[in-house]
Amino acid sequence: MKKLLILGGGTAGTIAANKLVKKLDRTQWQITVVDQDDKHHYQPGFLFIPFGTYGPDEVTKSRRRYLDDSIPLMYAEIDRVDPEARTVALADGTTLDYDVLIVATGVTPRPDQTPGMDDPDTWYDTVFDFYTYAGTTALAKKLADWPGGRLVVNIVEMPIKCPVAPLEFTFLADAFFTERGMRDKVDLVYVTPLDAAFTKPIAAKHFGDILERKGVSLESEFMLEHVDTADRKLVSYDEREIGYDLLVTIPLNMGADFLTRSGLGNELNLVPVDKHTLQSKQYDSIFALGDANDIPASKAGSVAHFEIDVFVDNFLEYIAGKEMTGAFDGHANCFIETGHGKAMLIDFNYDTEPLPGKFPVPGIGPMSLLKETKANHMGKLAFRWAYWNVLLPGRPMGLSADLSMAGKQVPVS
């Protein structure tokens, strides 16, 4: 019996396990998934909790419930991988062996990597994240009776999970305070290490002056050196300072520490892989899926979905001793909430930036690309049902893994 070991029971690990169990001969292969607990979070929902759209109980379900019944799920902390021996050591002393390893342990925010950010006297008091369950629920309580002041939304460094989420939070905050009749009491500031809020030219043109229209100040190319929690200010490496009353930060995102302990991770604990096959550049028997790898694509659920659609067929070729013929193209699509019941939609890959048009049916939609519509907003909310009932179980979503140019308007150069 050959062993496929999957580290991580989140989005990528669950989809991969559920798709592969339907393809592999169960008399020849045993799939095992390892994760530290039974709580599977619908992470896109974290964005909405501070504003009351979702309650905390609407974004968490059992991991076990969404894995095929034939797949063992072990609850344990991972200590390290020995890729030469093809073994994984767990923190409780258990050792698991494998023939093929899939790393799908994602990334997590690391406020400890920025001096001052995780000051215990101010963390979840005046400084918050919303990329974690603890952070978003604490922020919801804070915003419920916050009287106003200077709210700074700050990205420490890229890459991060869902790169558009900080902008979405800013837009939703603008709508939230407007609808509560206190927008004039809130000074919104968006702080990014990038040279602009929107770095792709066509998308930037279509977003236009949306930050300015919403009264949001932009501070670009701000490389955060430390957080001065005593004086409530961000300090950059070039000694610029930005004061705040309430800081909503997106800390440095890093992969699991065991990957670097195992010699598998880069400086951000991400597994270097071939960007088309997701196979480790060091070890042929290791693949890294979802946020855990270093591919130059968005760290988003759509990327995990599309890359796994390509990966499954490649995996079957790989174990048959054949050349992997599939090539993931970096396809991603993301809804961007803009507030007041509207959202934009972007669809792109490694080589093609977001373009205007209709999605998924050319000329019909019902979604519009690079345009604020209510249909896009409803699509984002509806995706929560699709996530639990279609995507995680490994059922077909009806979307091509490869980026389609049908319905897209390519500008004439």
# chains A, B, ... in the order shown; residues from 1 in each chain; ligands from 1
>>> residues_around(residues="stretch 162-169 of chain A", least_positions_apart="3", cutoff="10 Å", atoms="only C-alpha atoms", output="NGL selection string")
:A and (43-44 or 46-48 or 50-51 or 130-131 or 153-155 or 158-159 or 172-175 or 190-192 or 197-198 or 211 or 248-250 or 291 or 298-302 or 334-339 or 343)
>>> residues_around(residues="A:Thr114", least_positions_apart="6", cutoff="9 Å", atoms="only C-alpha atoms", output="PyMOL selection string")
chain A and resi 156+224-227+251-252
>>> write_last_selection(atoms="C-alpha atoms", output="compact mmCIF listing (two decimals), in the first residue's frame")
# COMPACT_ATOMS: atom_id res chain seq x y z
CA VAL A 156 3.39 45.27 6.13
CA LEU A 224 7.09 49.51 8.03
CA GLU A 225 10.06 49.23 10.40
CA HIS A 226 8.23 49.22 13.73
CA VAL A 227 5.00 50.13 15.49
CA PRO A 251 1.11 41.54 9.35
CA LEU A 252 3.83 39.75 7.44
>>> closest_residue(among="A:Gln113, A:Thr53, A:Thr105, A:Thr277", to="A:Gly326", atoms="only C-alpha atoms")
A:Thr277
>>> closest_residue(among="A:Gly255, A:Gly341, A:Gly407, A:Gly116", to="A:Glu179", atoms="only C-alpha atoms")
A:Gly341
>>> select_by_dssp(residues="stretch 208-403 of chain A", states="strand (DSSP E)", output="MDAnalysis selection string")
chainID A and resid 216:219 224:228 233:236 241:243 246:250 253:255 286:288 332:339 342:348 357:361 365:369
>>> residues_around(residues="stretch 94-97 of chain A", least_positions_apart="4", cutoff="12 Å", atoms="only C-alpha atoms", output="MDAnalysis selection string")
chainID A and resid 1:7 30:34 74:90 101
